[in-house]
Structure formats: C-alpha cells, structure tokens
Amino acid sequence: MGKGIGCSRVRRRAGRLRRTDRSLVARAEQIRAELDSLSDNIAFGTAPALILFLWSLQTAPRFGWIAALALAVCCALRLARFNARIDADDQPHKSAGFNTGVPAPAGAGLAFVPIFLWLITGEDVFRRWELVMAWTLFIAALMISSLPTFSWSSIRIRSGMRLFALAGVALLGASLIRAPWITLLAVALLYLLMLPFAFASYQKVKQRRATGAWPAGADVAPSVRETAGTE
C-alpha cells in the first residue's frame, strides 16, 4: 500500500515537471523570437535608417528625420506583425508559400538602391534628399503592406536543376566580389520586378481556393512551386 502511494506521488511529480518543462520551453521560444526580431530591427531597420539619414536625408530642410524614422518604425511593425501571427491558424499568405509584405532583409536592401546608383554612376542626383525621401517612404510602405511576396520556404529546386542552382550561387558570389554595387543593384531590381508576379501568382491561388481546386490548409500552392524555381 505504501509503495503504491509513493509511486503515485512520484508519477504526479514527474507529470508536473514535464508540464513545467514544456511551459519553460514555450516561453524560451517566445523570448528567442522576440530577441531575434529585436536584432533584425536593429540590422534591417535602424541601421539602414541611420545610414540613409547621414548620407542624404539630413540635408532635408525639416522632415528628413521623419523618413528615416518611418523606415525603422515600419520595419519594427512588420516584425511585430510576423511575431503576432506565428501561432495563428488563419494565415492565407503563409499557407500558400508567400510572405505578407516585403521582408525586413529585402526591405533594407531595397532602401539602399539610391546608394548603389550613386556609387555606380557618381551622380549626385541620386543623393538628393527629395529622391531619397520618396524612395525611403515607398520601401517603408512596402514592408508594412499586405502585398503577397515570394517566400524562400516555397522554393523547390528540381533534382535535375540543383547543379545549375549551385553554379548560379557561385557566379553570384563571384559577381559580388568583382562588382559588388552592380550585383546588389541587379538583385534589388530583380526582386522589385518579381513583386507583380508574386501578386499575380497569389491571385491564382485565391481563385483555386475559391473554386475548391486547392485546399486552404495546404503548405505551398502548385503555382508557387512552378514560379519559385525562377526566383
């Protein structure tokens, strides 16, 4: 009798410890996600905003700092929206293999397009605060928009194309070493050109879902797999 009572107590304590461990792991994951977003905001929001301000926007009569602040704030809002929806069941963009809005790293790269153009051409027109301010606000709006954009998680490289993909990565690395500013500008412009294709691809996914041809809970839509190979 005494042994049975002792075993039941041990099992109850073990169950409490398992539940405590699971709750601690969940809290640790939440803290990790928040710290990751904080570092992303510093790297892809605050730092680009300061660079653009010191490079051009500080010459604006009054509102240069507002454009720089808008970039940093919109990056923070974009990351906060991502964290708030991590455990949400209804995520139509994510379930189809798309991001919602331009991701923070891509937004930071796009924000530097005027700097790339200035470094390549040496023309001071690309450093004018009017142009830089308009471009910065445009990129900030893209980051907090609900525009569907292609996600890296949706890329599916066919087995026969993997060698070509590796060769492309090697060529990209060589281009970054040989001509970094031209390569970064080309990548940024290519990403911008892909935005309309991402929107059109997601509209096809919505139509398939509306007709029942594609289940809403699927991971990646077929049209995304077809187009992701050209990313």
# chains A, B, ... in the order shown; residues from 1 in each chain; ligands from 1

call {"tool": "select_by_dssp", "arguments": {"residues": "region 93-231 of chain A", "states": "strand (DSSP E)", "output": "PyMOL selection string"}}
result
chain A and resi 98-100+148-150

call {"tool": "residues_around", "arguments": {"residues": "region 169-181 of chain A", "least_positions_apart": "5", "cutoff": "9 Å", "atoms": "only C-alpha atoms", "output": "count of residues only"}}
result
7

call {"tool": "residues_around", "arguments": {"residues": "region 54-57 of chain A", "least_positions_apart": "6", "cutoff": "7 Å", "atoms": "only C-alpha atoms", "output": "list in words"}}
result
Gly64, Trp65, Arg127, Arg128, Trp129 and Met133 of chain A

call {"tool": "residues_around", "arguments": {"residues": "region 35-39 of chain A", "least_positions_apart": "6", "cutoff": "10 Å", "atoms": "only C-alpha atoms", "output": "ChimeraX atom specification"}}
result
/A:29,45-46,75-76,78-80,82-83,104

call {"tool": "write_last_selection", "arguments": {"atoms": "C-alpha atoms", "output": "PDB file, in the first residue's frame"}}
result
ATOM      1  CA  GLU A  29      10.900  30.057 -27.743  1.00  0.00           C
ATOM      2  CA  GLY A  45      15.581  48.882 -39.799  1.00  0.00           C
ATOM      3  CA  THR A  46      17.565  51.157 -37.507  1.00  0.00           C
ATOM      4  CA  CYS A  75      10.471  47.553 -40.055  1.00  0.00           C
ATOM      5  CA  ALA A  76       9.602  47.120 -36.364  1.00  0.00           C
ATOM      6  CA  ARG A  78       6.499  44.373 -39.871  1.00  0.00           C
ATOM      7  CA  LEU A  79       8.460  42.166 -37.455  1.00  0.00           C
ATOM      8  CA  ALA A  80       5.840  42.648 -34.736  1.00  0.00           C
ATOM      9  CA  PHE A  82       5.131  38.477 -38.010  1.00  0.00           C
ATOM     10  CA  ASN A  83       5.554  37.544 -34.324  1.00  0.00           C
ATOM     11  CA  ALA A 104      12.909  43.130 -43.425  1.00  0.00           C
TER      12      ALA A 104
END

call {"tool": "residues_around", "arguments": {"residues": "Ala47 (chain A)", "least_positions_apart": "3", "cutoff": "12 Å", "atoms": "only C-alpha atoms", "output": "compact mmCIF listing (two decimals) with N, CA and C atoms, in the first residue's frame"}}
result
# COMPACT_ATOMS: atom_id res chain seq x y z
N SER A 39 17.01 42.00 -32.92
CA SER A 39 18.26 42.10 -33.69
C SER A 39 17.99 42.39 -35.16
N ASP A 40 16.91 41.81 -35.71
CA ASP A 40 16.55 42.10 -37.10
C ASP A 40 16.18 43.57 -37.28
N ASN A 41 15.47 44.12 -36.30
CA ASN A 41 15.07 45.52 -36.41
C ASN A 41 16.29 46.45 -36.37
N ILE A 42 17.27 46.10 -35.54
CA ILE A 42 18.48 46.91 -35.49
C ILE A 42 19.26 46.80 -36.80
N ALA A 43 19.37 45.57 -37.32
CA ALA A 43 20.19 45.35 -38.51
C ALA A 43 19.52 45.84 -39.78
N PHE A 44 18.18 45.62 -39.90
CA PHE A 44 17.49 45.90 -41.15
C PHE A 44 16.55 47.10 -41.09
N LEU A 50 19.66 55.05 -40.22
CA LEU A 50 20.74 55.96 -39.83
C LEU A 50 21.68 56.23 -41.00
N ILE A 51 21.97 55.18 -41.79
CA ILE A 51 22.87 55.37 -42.94
C ILE A 51 22.25 56.32 -43.95
N LEU A 52 20.98 56.13 -44.26
CA LEU A 52 20.32 56.99 -45.23
C LEU A 52 20.21 58.43 -44.71
N PHE A 53 19.98 58.57 -43.40
CA PHE A 53 19.88 59.91 -42.84
C PHE A 53 21.22 60.63 -42.91
N LEU A 54 22.29 59.97 -42.49
CA LEU A 54 23.61 60.61 -42.51
C LEU A 54 24.11 60.83 -43.93
N ALA A 68 13.53 58.76 -42.26
CA ALA A 68 14.41 57.74 -41.67
C ALA A 68 13.72 57.01 -40.54
N LEU A 69 13.01 57.76 -39.71
CA LEU A 69 12.27 57.13 -38.60
C LEU A 69 11.17 56.22 -39.13
N LEU A 71 11.19 54.42 -41.81
CA LEU A 71 11.78 53.15 -42.23
C LEU A 71 12.02 52.23 -41.03
N ALA A 72 12.59 52.79 -39.96
CA ALA A 72 12.86 51.98 -38.77
C ALA A 72 11.56 51.51 -38.11
N VAL A 73 10.58 52.39 -38.02
CA VAL A 73 9.32 52.04 -37.36
C VAL A 73 8.55 51.00 -38.18
N CYS A 75 9.78 48.83 -40.21
CA CYS A 75 10.47 47.55 -40.05
C CYS A 75 10.08 46.88 -38.74
N ALA A 104 11.98 42.11 -43.92
CA ALA A 104 12.91 43.13 -43.43
C ALA A 104 14.26 43.11 -44.14
N PRO A 105 14.90 41.95 -44.36
CA PRO A 105 16.20 41.98 -45.08
C PRO A 105 16.07 42.52 -46.49
N ALA A 108 15.61 46.30 -46.38
CA ALA A 108 16.86 47.02 -46.14
C ALA A 108 17.69 47.11 -47.42
N GLY A 109 17.74 46.01 -48.17
CA GLY A 109 18.48 46.04 -49.43
C GLY A 109 17.87 46.99 -50.44
N ALA A 111 16.12 49.63 -49.76
CA ALA A 111 16.31 51.02 -49.31
C ALA A 111 17.65 51.59 -49.75
N PHE A 112 18.63 50.73 -50.00
CA PHE A 112 19.96 51.19 -50.40
C PHE A 112 20.12 51.37 -51.90

call {"tool": "atom_distance", "arguments": {"atom1": "CA of Arg81 (chain A)", "atom2": "CA of Ile144 (chain A)"}}
result
8.6 Å

call {"tool": "residues_around", "arguments": {"residues": "Ala70 (chain A)", "least_positions_apart": "3", "cutoff": "9 Å", "atoms": "only C-alpha atoms", "output": "ChimeraX atom specification"}}
result
/A:49,65-67,73-75,136-137,140-141

call {"tool": "residues_around", "arguments": {"residues": "region 187-195 of chain A", "least_positions_apart": "4", "cutoff": "7 Å", "atoms": "only C-alpha atoms", "output": "list in words"}}
result
Gly109, Leu110, Thr149, Thr183 and Phe199 of chain A

call {"tool": "closest_residue", "arguments": {"among": "A:Ala106, A:Leu184, A:Phe197, A:Gly97", "to": "Arg156 (chain A)", "atoms": "only C-alpha atoms"}}
result
A:Gly97

call {"tool": "closest_residue", "arguments": {"among": "A:Met161, A:Leu185, A:Val113, A:Ala60", "to": "Ile139 (chain A)", "atoms": "only C-alpha atoms"}}
result
A:Val113

call {"tool": "closest_residue", "arguments": {"among": "A:Pro148, A:Phe63, A:Arg32, A:Trp118", "to": "Val205 (chain A)", "atoms": "only C-alpha atoms"}}
result
A:Pro148

call {"tool": "closest_residue", "arguments": {"among": "A:Ala198, A:Ala210, A:Ile155, A:Leu166", "to": "Val102 (chain A)", "atoms": "only C-alpha atoms"}}
result
A:Ala198
